[in-house]
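Dropping work-v7.cif in here (mmCIF, C-alpha atoms):
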data_input
loop_
_atom_site.label_atom_id
_atom_site.label_comp_id
_atom_site.auth_asym_id
_atom_site.auth_seq_id
_atom_site.Cartn_x
_atom_site.Cartn_y
_atom_site.Cartn_z
CA MET A 134 8.85 8.49 -71.75
CA PRO A 135 11.02 6.81 -69.22
CA ASN A 136 9.45 4.10 -67.11
CA THR A 137 8.74 5.00 -63.45
CA VAL A 138 10.46 2.56 -61.16
CA ARG A 139 8.91 1.95 -57.76
CA ARG A 140 11.60 1.64 -55.17
CA PRO A 141 11.23 -0.70 -52.18
CA ASP A 142 12.14 2.17 -49.84
CA ASP A 143 9.16 4.22 -51.06
CA ASP A 144 6.77 1.32 -50.51
CA ARG A 145 8.18 0.76 -47.05
CA ARG A 146 7.81 4.44 -46.08
CA ARG A 147 4.23 4.54 -47.34
CA TRP A 148 3.44 1.35 -45.44
CA GLU A 149 5.02 2.74 -42.24
CA ALA A 150 3.12 6.05 -42.60
CA GLN A 151 -0.13 4.15 -43.05
CA ARG A 152 0.59 1.99 -40.02
CA ARG A 153 1.46 5.12 -38.00
CA ARG A 154 -1.85 6.75 -38.95
CA GLN A 155 -3.69 3.57 -38.01
CA ARG A 156 -1.94 3.44 -34.64
CA GLU A 157 -2.67 7.13 -33.96
CA GLU A 158 -6.30 6.64 -34.91
CA ALA A 159 -6.53 3.58 -32.64
CA GLU A 160 -4.92 5.54 -29.80
CA ARG A 161 -7.40 8.40 -30.26
CA ARG A 162 -10.30 5.97 -30.19
CA GLU A 163 -8.87 4.30 -27.09
CA GLN A 164 -8.41 7.68 -25.34
CA ALA A 165 -11.95 8.73 -26.24
CA ARG A 166 -13.30 5.43 -24.95
CA THR A 167 -11.25 5.70 -21.74
CA SER A 168 -12.40 9.29 -21.19
CA ARG A 169 -16.02 8.30 -21.79
CA ASP A 170 -15.72 5.37 -19.39
CA ARG A 171 -14.10 7.64 -16.78
CA ARG A 172 -16.93 10.16 -17.07
CA GLN A 173 -19.48 7.40 -16.78
CA ARG A 174 -17.75 5.98 -13.69
CA THR A 175 -17.52 9.46 -12.16
CA THR A 176 -21.19 10.11 -12.83
CA GLN A 177 -22.09 6.71 -11.42
CA LEU A 178 -19.98 7.28 -8.29
CA GLU A 179 -21.52 10.72 -7.85
CA ARG A 180 -25.00 9.28 -8.12
CA GLN A 181 -24.12 6.51 -5.69
CA SER A 182 -22.65 9.01 -3.24
CA LEU A 183 -25.70 11.22 -3.45
CA MET A 184 -27.85 8.16 -2.83
CA GLY A 185 -25.89 7.48 0.36
CA PRO A 186 -27.68 7.87 3.67
CA MET A 187 -27.61 11.09 5.64
CA ASP A 188 -25.87 11.04 8.97
CA LEU A 189 -28.84 10.07 11.11
CA PRO A 190 -27.51 11.29 14.51
CA PHE A 191 -26.76 14.74 13.08
CA LEU A 192 -30.18 14.93 11.41
CA LEU A 193 -32.01 13.90 14.59
CA LEU A 194 -30.09 16.39 16.72
CA THR A 195 -30.90 19.19 14.27
CA LEU A 196 -34.60 18.32 14.23
CA LEU A 197 -34.68 17.98 18.02
CA LEU A 198 -33.06 21.38 18.62
CA THR A 199 -35.35 23.01 16.04
CA GLY A 200 -38.44 21.48 17.65
CA VAL A 201 -37.44 22.43 21.20
CA GLY A 202 -36.53 25.90 19.96
CA LEU A 203 -40.00 26.38 18.47
CA VAL A 204 -41.63 25.32 21.74
CA MET A 205 -39.49 27.78 23.69
CA VAL A 206 -40.25 30.62 21.25
CA PHE A 207 -43.96 29.94 21.74
CA SER A 208 -43.60 29.94 25.52
CA ALA A 209 -41.26 32.93 25.81
CA SER A 210 -42.96 35.18 23.26
CA PHE A 211 -46.61 34.68 24.25
CA PRO A 212 -46.93 37.62 26.72
CA SER A 213 -45.10 40.17 24.57
CA ALA A 214 -46.87 39.00 21.40
CA TYR A 215 -50.26 39.34 23.09
CA TYR A 216 -49.34 42.75 24.50
CA GLU A 217 -48.02 44.10 21.19
CA THR A 218 -50.39 42.51 18.65
CA GLY A 219 -53.30 40.99 20.58
CA ASP A 220 -52.30 37.55 19.27
CA GLY A 221 -50.18 35.50 21.65
CA THR A 222 -49.04 33.18 18.87
CA TYR A 223 -47.88 35.97 16.53
CA TYR A 224 -44.14 35.40 16.87
CA PHE A 225 -44.53 31.64 17.07
CA LYS A 226 -46.47 31.44 13.80
CA ARG A 227 -43.88 33.53 11.98
CA GLN A 228 -41.06 31.43 13.39
CA LEU A 229 -42.89 28.25 12.42
CA ILE A 230 -43.23 29.42 8.81
CA PHE A 231 -39.51 30.14 8.57
CA ALA A 232 -38.73 26.81 10.26
CA VAL A 233 -40.71 24.99 7.56
CA LEU A 234 -38.91 26.98 4.86
CA GLY A 235 -35.59 26.24 6.54
CA LEU A 236 -36.32 22.52 6.77
CA PHE A 237 -37.23 22.51 3.08
CA ALA A 238 -33.93 24.29 2.31
CA MET A 239 -32.11 21.72 4.46
CA VAL A 240 -33.61 18.83 2.50
CA VAL A 241 -32.79 20.49 -0.84
CA MET A 242 -29.21 21.26 0.18
CA SER A 243 -28.71 17.73 1.48
CA ARG A 244 -29.73 16.33 -1.91
CA ILE A 245 -27.39 18.60 -3.92
CA ASN A 246 -23.80 17.59 -4.54
CA TYR A 247 -21.92 20.03 -2.35
CA GLN A 248 -19.14 20.28 -4.98
CA ARG A 249 -21.46 22.55 -6.95
CA LEU A 250 -21.06 25.18 -4.24
CA ARG A 251 -17.50 25.76 -5.44
CA GLY A 252 -18.70 27.63 -8.48
CA ALA A 253 -21.03 29.82 -6.41
CA SER A 254 -18.46 30.78 -3.75
CA LYS A 255 -17.12 33.96 -5.38
CA LEU A 256 -20.56 35.06 -6.53
CA LEU A 257 -22.02 34.56 -3.05
CA LEU A 258 -19.13 36.44 -1.44
CA GLY A 259 -19.53 39.38 -3.84
CA PHE A 260 -23.26 39.46 -3.18
CA ALA A 261 -22.65 39.48 0.59
CA VAL A 262 -20.19 42.39 0.31
CA PHE A 263 -22.69 44.31 -1.81
CA LEU A 264 -25.43 43.82 0.81
CA LEU A 265 -23.10 44.83 3.66
CA VAL A 266 -22.21 48.04 1.82
CA LEU A 267 -25.86 48.68 1.01
CA VAL A 268 -26.97 48.43 4.65
CA ILE A 269 -24.57 51.19 5.78
CA VAL A 270 -25.32 53.62 2.93
CA PRO A 271 -26.66 56.81 4.56
CA LYS A 272 -30.37 57.52 4.11
CA ASN A 273 -30.94 54.18 2.42
CA PRO A 274 -34.73 53.56 2.52
CA LEU A 275 -34.15 49.79 2.60
CA ALA A 276 -31.89 49.94 5.67
CA ILE A 277 -33.73 49.35 8.94
CA THR A 278 -32.49 50.69 12.28
CA ASN A 279 -33.43 49.07 15.56
CA ASN A 280 -31.94 49.78 19.00
CA ASN A 281 -29.46 52.24 17.49
CA ALA A 282 -28.07 49.60 15.12
CA THR A 283 -28.64 49.43 11.37
CA ARG A 284 -28.28 45.71 10.69
CA TRP A 285 -31.29 44.88 8.54
CA LEU A 286 -32.39 45.32 4.95
CA GLY A 287 -36.00 45.08 3.86
CA ILE A 288 -39.29 46.90 3.82
CA PRO A 289 -39.97 48.71 7.10
CA GLY A 290 -43.11 47.61 8.91
CA THR A 291 -43.25 44.23 7.16
CA SER A 292 -41.79 40.77 7.72
CA LEU A 293 -39.61 41.14 4.60
CA GLN A 294 -36.43 41.88 6.53
CA PHE A 295 -33.10 40.09 6.84
CA GLN A 296 -29.59 40.61 8.17
CA PRO A 297 -26.89 40.69 5.46
CA SER A 298 -24.37 39.54 8.07
CA GLU A 299 -26.08 36.12 8.11
CA ILE A 300 -25.40 35.75 4.38
CA ALA A 301 -21.86 37.05 4.87
CA LYS A 302 -21.10 34.32 7.42
CA LEU A 303 -22.18 31.57 5.02
CA ALA A 304 -20.32 33.23 2.13
CA VAL A 305 -17.07 33.33 4.10
CA VAL A 306 -17.37 29.63 4.96
CA ILE A 307 -17.98 28.51 1.37
CA TYR A 308 -15.38 30.82 -0.20
CA PHE A 309 -12.68 29.96 2.33
CA ALA A 310 -13.36 26.23 1.95
CA ASP A 311 -13.09 26.47 -1.83
CA SER A 312 -9.95 28.61 -1.86
CA ILE A 313 -8.05 26.94 0.99
CA SER A 314 -8.75 23.43 -0.31
CA LYS A 315 -6.84 24.24 -3.52
CA LYS A 316 -3.66 25.61 -1.90
CA LYS A 317 -2.51 22.86 0.45
CA ASP A 318 1.22 23.49 1.23
CA ARG A 319 1.04 27.10 0.03
CA MET A 320 -1.15 27.86 3.05
CA GLN A 321 2.01 28.01 5.15
CA THR A 322 3.28 31.04 3.22
CA PHE A 323 2.29 34.58 4.11
CA ARG A 324 1.54 35.57 0.52
CA TYR A 325 -0.93 32.79 -0.21
CA GLY A 326 -2.03 31.53 3.20
CA ILE A 327 -2.38 34.68 5.28
CA ALA A 328 -2.53 37.94 3.36
CA PRO A 329 -5.58 37.41 1.08
CA TYR A 330 -7.74 35.90 3.82
CA ALA A 331 -6.70 38.39 6.49
CA VAL A 332 -7.54 41.33 4.20
CA LEU A 333 -10.92 39.84 3.35
CA LEU A 334 -11.77 39.14 7.00
CA ILE A 335 -10.77 42.66 8.03
CA VAL A 336 -12.91 44.22 5.30
CA LEU A 337 -15.97 42.11 6.16
CA ALA A 338 -15.54 42.60 9.91
CA ALA A 339 -15.21 46.34 9.38
CA LEU A 340 -18.39 46.49 7.29
CA VAL A 341 -20.30 44.50 9.91
CA GLY A 342 -18.78 46.49 12.77
CA ILE A 343 -19.88 49.81 11.27
CA GLU A 344 -23.56 48.77 11.57
CA PRO A 345 -22.60 48.25 14.50
CA HIS A 346 -22.72 44.48 15.01
CA LEU A 347 -19.72 43.48 17.12
CA SER A 348 -20.85 39.90 17.68
CA GLY A 349 -21.37 39.38 13.94
CA ALA A 350 -17.83 40.62 13.27
CA ILE A 351 -16.49 38.24 15.93
CA LEU A 352 -18.29 35.29 14.33
CA ILE A 353 -16.94 36.07 10.85
CA MET A 354 -13.40 36.56 12.13
CA GLY A 355 -13.59 33.46 14.33
CA ALA A 356 -14.91 31.13 11.63
CA GLY A 357 -12.39 32.41 9.09
CA ALA A 358 -9.48 32.06 11.53
CA VAL A 359 -10.41 28.48 12.46
CA MET A 360 -10.71 27.50 8.78
CA MET A 361 -7.29 29.03 8.06
CA LEU A 362 -5.80 27.09 10.97
CA VAL A 363 -7.36 23.81 9.86
CA GLY A 364 -6.31 24.64 6.30
CA GLY A 365 -2.64 24.49 7.27
CA ILE A 366 -1.32 27.91 8.33
CA HIS A 367 1.59 27.91 10.78
CA TRP A 368 0.85 28.27 14.48
CA ARG A 369 3.02 31.39 14.74
CA TRP A 370 0.53 33.28 12.59
CA VAL A 371 -2.22 32.20 14.99
CA GLY A 372 -0.25 33.65 17.91
CA LEU A 373 0.35 36.92 16.07
CA ALA A 374 -3.32 37.14 15.10
CA MET A 375 -4.46 36.57 18.67
CA GLY A 376 -2.06 39.23 19.89
CA ALA A 377 -3.29 41.70 17.26
CA ALA A 378 -6.93 40.91 18.13
CA GLY A 379 -6.24 41.46 21.82
CA LEU A 380 -4.55 44.80 21.09
CA LEU A 381 -7.43 45.87 18.85
CA LEU A 382 -9.95 44.89 21.51
CA TYR A 383 -8.03 46.92 24.10
CA LEU A 384 -7.95 49.97 21.81
CA VAL A 385 -11.65 49.71 20.99
CA LEU A 386 -12.83 49.13 24.54
CA GLY A 387 -10.16 50.80 26.65
CA VAL A 388 -8.90 53.73 24.60
CA ILE A 389 -11.73 54.60 22.22
CA GLY A 390 -14.36 53.62 24.77
CA TYR A 391 -16.71 51.77 22.38
CA ASN A 392 -19.52 50.19 24.43
CA ALA A 393 -17.80 51.33 27.64
CA SER A 394 -21.11 51.46 29.47
CA ARG A 395 -21.77 47.82 28.57
CA ILE A 396 -18.42 46.80 29.98
CA GLU A 397 -19.09 48.72 33.17
CA MET A 398 -22.57 47.23 33.57
CA TRP A 399 -21.14 43.80 32.83
CA HIS A 400 -18.86 44.11 35.84
CA ASN A 401 -21.71 45.27 38.08
CA PRO A 402 -25.22 45.57 36.61
CA TRP A 403 -26.53 46.82 39.97
CA LEU A 404 -24.72 50.14 39.46
CA ASP A 405 -27.69 51.16 37.30
CA PRO A 406 -30.39 48.56 37.96
CA GLN A 407 -33.14 50.48 36.18
CA GLY A 408 -31.01 51.71 33.29
CA ALA A 409 -27.98 50.26 31.51
CA GLY A 410 -27.75 47.28 33.89
CA TYR A 411 -31.43 46.39 33.76
CA GLN A 412 -31.26 43.69 31.08
CA LEU A 413 -28.40 41.71 32.59
CA ARG A 414 -29.85 42.08 36.09
CA GLN A 415 -33.21 40.71 34.93
CA SER A 416 -31.45 37.91 33.06
CA LEU A 417 -29.63 36.80 36.21
CA ILE A 418 -32.86 36.98 38.22
CA THR A 419 -34.58 34.89 35.55
CA ILE A 420 -31.88 32.24 35.62
CA GLY A 421 -31.85 32.10 39.41
CA SER A 422 -35.65 31.80 39.58
CA GLY A 423 -35.51 28.43 37.80
CA GLY A 424 -33.54 26.62 40.46
CA LEU A 425 -32.69 23.00 39.82
CA TRP A 426 -35.85 21.74 38.10
CA GLY A 427 -37.43 24.99 36.89
CA VAL A 428 -40.88 26.46 37.44
CA GLY A 429 -42.38 24.42 34.61
CA LEU A 430 -42.75 24.80 30.86
CA GLY A 431 -44.84 27.87 30.05
CA LYS A 432 -44.87 29.08 33.67
CA SER A 433 -42.12 31.68 33.53
CA ARG A 434 -42.87 34.90 35.40
CA GLN A 435 -39.99 36.96 34.04
CA LYS A 436 -41.29 36.74 30.47
CA PHE A 437 -44.24 38.94 31.44
CA LEU A 438 -42.44 42.07 30.21
CA TYR A 439 -39.77 41.98 32.92
CA LEU A 440 -36.93 40.55 30.83
CA PRO A 441 -36.19 42.45 27.57
CA GLU A 442 -35.62 40.37 24.41
CA GLU A 443 -37.03 37.34 26.21
CA HIS A 444 -37.89 35.51 22.97
CA ASN A 445 -34.80 36.65 21.11
CA ASP A 446 -31.24 37.09 22.40
CA PHE A 447 -32.16 36.22 26.02
CA ILE A 448 -34.36 33.21 25.38
CA PHE A 449 -31.84 30.96 27.15
CA ALA A 450 -32.67 32.74 30.41
CA ILE A 451 -36.31 31.66 29.97
CA VAL A 452 -35.08 28.11 29.28
CA CYS A 453 -33.24 28.20 32.62
CA GLU A 454 -36.28 29.57 34.46
CA GLU A 455 -38.83 27.14 33.05
CA LEU A 456 -36.67 24.00 32.75
CA GLY A 457 -34.19 24.70 35.54
CA LEU A 458 -30.53 23.79 35.70
CA ILE A 459 -31.28 20.23 34.63
CA GLY A 460 -33.20 21.27 31.52
CA ALA A 461 -30.68 23.94 30.57
CA THR A 462 -27.86 21.40 30.93
CA VAL A 463 -29.70 18.99 28.63
CA ILE A 464 -30.07 21.75 26.02
CA MET A 465 -26.36 22.55 26.23
CA LEU A 466 -25.52 18.86 25.90
CA LEU A 467 -27.66 18.67 22.76
CA PHE A 468 -25.73 21.59 21.28
CA ALA A 469 -22.45 19.94 22.27
CA ALA A 470 -23.51 16.65 20.67
CA LEU A 471 -24.52 18.43 17.45
CA ILE A 472 -21.21 20.31 17.24
CA LEU A 473 -19.09 17.24 18.01
CA ARG A 474 -21.02 15.15 15.48
CA GLY A 475 -20.47 17.86 12.89
CA PHE A 476 -16.72 17.81 13.46
CA TRP A 477 -16.82 14.00 13.26
CA ILE A 478 -18.40 14.36 9.80
CA ALA A 479 -15.64 16.83 8.87
CA LEU A 480 -12.99 14.27 9.87
CA HIS A 481 -14.57 11.63 7.64
CA ALA A 482 -15.42 13.87 4.68
CA ARG A 483 -14.46 12.56 1.26
CA ASP A 484 -12.35 15.59 0.31
CA ARG A 485 -10.68 18.68 1.72
CA PHE A 486 -13.37 21.06 0.46
CA GLY A 487 -16.19 19.25 2.23
CA SER A 488 -14.17 18.91 5.42
CA LEU A 489 -13.31 22.62 5.57
CA MET A 490 -16.87 23.63 4.82
CA VAL A 491 -18.26 21.53 7.68
CA VAL A 492 -15.57 22.88 10.02
CA GLY A 493 -16.64 26.43 9.14
CA VAL A 494 -20.34 25.75 9.64
CA MET A 495 -19.88 24.00 12.97
CA THR A 496 -17.48 26.69 14.18
CA LEU A 497 -20.18 29.27 13.53
CA VAL A 498 -22.75 27.24 15.49
CA GLY A 499 -20.37 26.48 18.36
CA LEU A 500 -19.00 30.01 18.70
CA GLN A 501 -22.44 31.60 18.45
CA THR A 502 -23.86 29.24 21.08
CA PHE A 503 -20.99 29.93 23.45
CA LEU A 504 -21.23 33.71 23.02
CA ASN A 505 -25.00 33.77 23.54
CA ILE A 506 -24.95 31.65 26.68
CA GLY A 507 -21.97 33.64 27.94
CA VAL A 508 -23.84 36.92 27.47
CA VAL A 509 -27.07 35.66 29.06
CA THR A 510 -25.28 34.28 32.13
CA GLY A 511 -23.07 37.36 32.57
CA LEU A 512 -19.87 35.58 31.60
CA LEU A 513 -19.41 38.02 28.69
CA PRO A 514 -20.45 41.66 28.14
CA THR A 515 -23.96 42.15 26.78
CA THR A 516 -24.11 42.25 22.99
CA GLY A 517 -26.73 41.37 20.44
CA ILE A 518 -26.22 37.74 19.49
CA SER A 519 -28.90 35.09 19.04
CA LEU A 520 -28.99 31.45 20.16
CA PRO A 521 -29.02 29.08 17.15
CA PHE A 522 -32.35 27.30 16.54
CA PHE A 523 -33.94 29.01 19.56
CA SER A 524 -33.91 32.78 19.22
CA TYR A 525 -36.71 34.42 17.25
CA GLY A 526 -35.53 35.41 13.78
CA GLY A 527 -36.71 33.89 10.54
CA THR A 528 -33.71 34.66 8.33
CA ALA A 529 -31.19 33.33 10.82
CA LEU A 530 -33.17 30.12 11.41
CA SER A 531 -33.63 29.45 7.69
CA ILE A 532 -29.96 29.99 6.90
CA GLN A 533 -28.88 27.86 9.87
CA LEU A 534 -31.04 24.98 8.67
CA ALA A 535 -29.70 25.40 5.13
CA GLU A 536 -26.19 25.16 6.60
CA MET A 537 -27.19 21.94 8.34
CA GLY A 538 -28.28 20.71 4.91
CA ILE A 539 -24.77 21.37 3.60
CA VAL A 540 -23.33 19.27 6.43
CA LEU A 541 -25.79 16.48 5.62
CA SER A 542 -24.78 16.67 1.94
CA VAL A 543 -21.15 16.16 2.97
CA SER A 544 -22.19 13.25 5.19
CA ARG A 545 -23.76 11.49 2.20
CA GLN A 546 -20.33 11.25 0.60
CA MET A 547 -18.33 10.32 3.68
CA LYS A 548 -15.58 7.76 3.48
CA PRO A 549 -16.66 4.35 4.72
CA THR A 550 -15.80 3.91 8.40
CA LYS A 551 -15.00 0.70 10.23
CA ALA A 552 -17.66 -0.58 12.58
CA GLY A 553 -16.95 -0.49 16.25
#
Starting from the file, lay out its structure as structure tokens.
Amino acid sequence: MPNTVRRPDDDRRRWEAQRRRQREEAERREQARTSRDRRQRTTQLERQSLMGPMDLPFLLLTLLLTGVGLVMVFSASFPSAYYETGDGTYYFKRQLIFAVLGLFAMVVMSRINYQRLRGASKLLLGFAVFLLVLVIVPKNPLAITNNNATRWLGIPGTSLQFQPSEIAKLAVVIYFADSISKKKDRMQTFRYGIAPYAVLLIVLAALVGIEPHLSGAILIMGAGAVMMLVGGIHWRWVGLAMGAAGLLLYLVLGVIGYNASRIEMWHNPWLDPQGAGYQLRQSLITIGSGGLWGVGLGKSRQKFLYLPEEHNDFIFAIVCEELGLIGATVIMLLFAALILRGFWIALHARDRFGSLMVVGVMTLVGLQTFLNIGVVTGLLPTTGISLPFFSYGGTALSIQLAEMGIVLSVSRQMKPTKAG
């Protein structure tokens, strides 16, 4: 047999292949170590951020408004609660229970990393659409009608009732924040920045408007539009949207005649003082009765079955009567401080998602506060819209406090700000 001769080239190739495998193995180990270190640093930063302090001014303002709201619910609802149930504290006790639940939800939400809400955005939006469809299904035994409006789901005659529109508002905020935060420059295009969000807002507003709940539709459209604007859409789309909204409002109110009597009574409630204009007329009398300093906490006269919805949509009129112009101004300043502080948190949020989410939440609070006070004072036509933290309504209060928890969660991860 011939002898096998080992060539130097073969030895060199084998040596180079072995070295290459060693280098590749070392690189894989280095990549694995780097990835592990990165995950550990990310987890550590996340834990540190979640251990950061809440924004104390925002927390105190939320607690203060909730506490004052509970006091006003107790004062405003006592006569009607006693007349209807024999227990003057009936509405107050129910509101207190939901306030405690809402505060618990606020604490829980403030301790959760708000980034986890990204994964729940689509699921929450789908659930909200399902509930909005369910509430308008004809002859649905779970749908509850009150004052010619079917806005509630639950068990009739019990406290297990809620408004799906409240869930829809929160769903829109979270979904829009998640989706818009990923698009950046594409938000300036019609295909990606306008069309999908406009279609979604129109569908949701239509579902809420069918109930009918005009103010709820306005809140959803308003919050979505502001988030789109902050998200980067061009100003020309804002102008077109405002023009389209104005035309739609003219068609609904002027041509179709929806709520025409409310518009007429808004212009002059004394045209029918005992009928369609009664509520606004009594609201204006209630506000005027308070004067500068008010008649005193708990001493309202109009709440003794003169003013309808005195502990609900028109509770601000009782605030004006009992606390006067000075007290009402302080309440409005507290709302203004809360809203401005919320937007300050949005400006200093760690990322685009958190910033957009806080903008949406605070837009809802600000717009709802403005609409309610505008309706109560006669600045706007009468429609069913509650005052945040004040009006009687357990579901709304609980969800509002949970939303404040989301804002506090974002504040825990704020960028460090310079003192002074």
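For the atom pair formed by atom CA of Leu489 of chain A and atom CA of Val233 of chain A, the distance is 27.6 Å, given to one decimal.
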Note to self: Between A:Gly185, A:Gly499, A:Gly379, A:Gly202, which residue has the minimum interatomic distance to Arg545 of chain A, considering all atoms listed in the file?
What the structure shows: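 Of the candidates, the smallest distance to Arg545 of chain A is held by A:Gly185.
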Note to self: I'd like the residues picked by the PyMOL selection byres ((chain A and resi 535) around 8) written out as a PyMOL selection string, using the chain letters and numbers from the file.
What the structure shows: chain A and resi 235-236+238-239+242+531-534+536-539
Next item on the list: Run the PyMOL selection byres ((chain A and resi 247-258) around 8) against the file shown and list the residues it catches, as an NGL selection string.
Entry: :A and (242 or 245-246 or 259-262 or 301 or 304-305 or 307-308 or 311 or 486-487 or 539 or 542-543)
Item checked: Selection dump of the PyMOL selection byres ((chain A and resi 495) around 9), as a ChimeraX atom specification -> /A:356,471-473,475-476,490-494,496-500,537,540
Next item on the list: Could you tell me how far atom CA of Tyr215 of chain A lies from atom CA of Gly517 of chain A, in Å and to one decimal?
Entry: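 Distance between the two atoms: 23.8 Å.
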Item checked: Ile464 of chain A environment, 12 Å, all atoms listed in the file, sequence neighbours closer than 2 positions dropped, as a ChimeraX atom specification -> /A:194,197-202,205,449,452-453,456-462,466-471,502,506,520-523
Note to self: So the first atom is atom CA of Leu380 of chain A and the second is atom CA of Ile353 of chain A; what is the distance between them in Å, to one decimal place?
What the structure shows: 18.3 Å
Next item on the list: Return the single residue from A:Ala378, A:Met465, A:Leu513, A:Leu438 that is closest to Met398 of chain A, with distances computed using all atoms listed in the file.
Entry: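 Closest to Met398 of chain A of all the choices is A:Leu513.
Minimum atom-to-atom distance to Pro190 of chain A, evaluated using only C-alpha atoms, belongs to A:Ile478 out of A:Ile327, A:Met354, A:Ile478, A:Ile451.
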Checklist line | Among the residues A:Pro514, A:Met187, A:Asp405, A:Glu454, the one that comes closest to Val428 of chain A [using all atoms listed in the file] | finding: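 Selected residue with least distance to Val428 of chain A: A:Glu454.
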Next item on the list: Extract, using only C-alpha atoms, all DNA, RNA and protein residues at most 8 Å from His346 of chain A, discarding same-chain residues fewer than 4 positions from it, and format them as number ranges by chain.
Entry: A: 282, 284, 341-342, 350, 517
Grab the residues selected above and save them as a PDB file, keeping the file's coordinate frame with C-alpha atoms.
ATOM      1  CA  ALA A 282     -28.070  49.600  15.120  1.00  0.00           C
ATOM      2  CA  ARG A 284     -28.280  45.710  10.690  1.00  0.00           C
ATOM      3  CA  VAL A 341     -20.300  44.500   9.910  1.00  0.00           C
ATOM      4  CA  GLY A 342     -18.780  46.490  12.770  1.00  0.00           C
ATOM      5  CA  ALA A 350     -17.830  40.620  13.270  1.00  0.00           C
ATOM      6  CA  GLY A 517     -26.730  41.370  20.440  1.00  0.00           C
TER       7      GLY A 517
END
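The closest residue to Phe231 of chain A, picked from A:Leu541, A:Thr528, A:Val206, A:Arg153 and counting only C-alpha atoms, is A:Thr528.
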Check: Which polymer residues have any atom within 12 Å of an atom of Gln435 of chain A, counting all atoms listed in the file, with same-chain residues fewer than 2 positions away left out, as a count of residues only?
Finding: 36
Rows by chain and residue number, segment 347-385 of chain A within 12 Å of segment 314-319 of chain A, shortest pair, all atoms listed in the file, as a Markdown table:
| residue | atom | partner | partner_atom | distance |
| --- | --- | --- | --- | --- |
| A:Met360 | CA | A:Ser314 | CA | 10.2 |
| A:Met361 | CA | A:Ser314 | CA | 10.2 |
| A:Leu362 | CA | A:Lys317 | CA | 11.8 |
| A:Val363 | CA | A:Ser314 | CA | 10.3 |
| A:Gly364 | CA | A:Ser314 | CA | 7.1 |
| A:Gly365 | CA | A:Lys317 | CA | 7.0 |
| A:Ile366 | CA | A:Arg319 | CA | 8.7 |
| A:His367 | CA | A:Asp318 | CA | 10.5 |
Would you save the residues from that selection as a PDB file, in the frame of the given file, using C-alpha atoms?
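Once written, selection-v1.pdb looks like this:
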ATOM      1  CA  MET A 360     -10.710  27.500   8.780  1.00  0.00           C
ATOM      2  CA  MET A 361      -7.290  29.030   8.060  1.00  0.00           C
ATOM      3  CA  LEU A 362      -5.800  27.090  10.970  1.00  0.00           C
ATOM      4  CA  VAL A 363      -7.360  23.810   9.860  1.00  0.00           C
ATOM      5  CA  GLY A 364      -6.310  24.640   6.300  1.00  0.00           C
ATOM      6  CA  GLY A 365      -2.640  24.490   7.270  1.00  0.00           C
ATOM      7  CA  ILE A 366      -1.320  27.910   8.330  1.00  0.00           C
ATOM      8  CA  HIS A 367       1.590  27.910  10.780  1.00  0.00           C
TER       9      HIS A 367
END
Margin query: Measuring between all atoms listed in the file, which one of A:Arg324, A:His481, A:Lys302, A:Arg434 shows the shortest distance to Lys548 of chain A?
Written below: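 Among the listed residues, the smallest separation from Lys548 of chain A belongs to A:His481.
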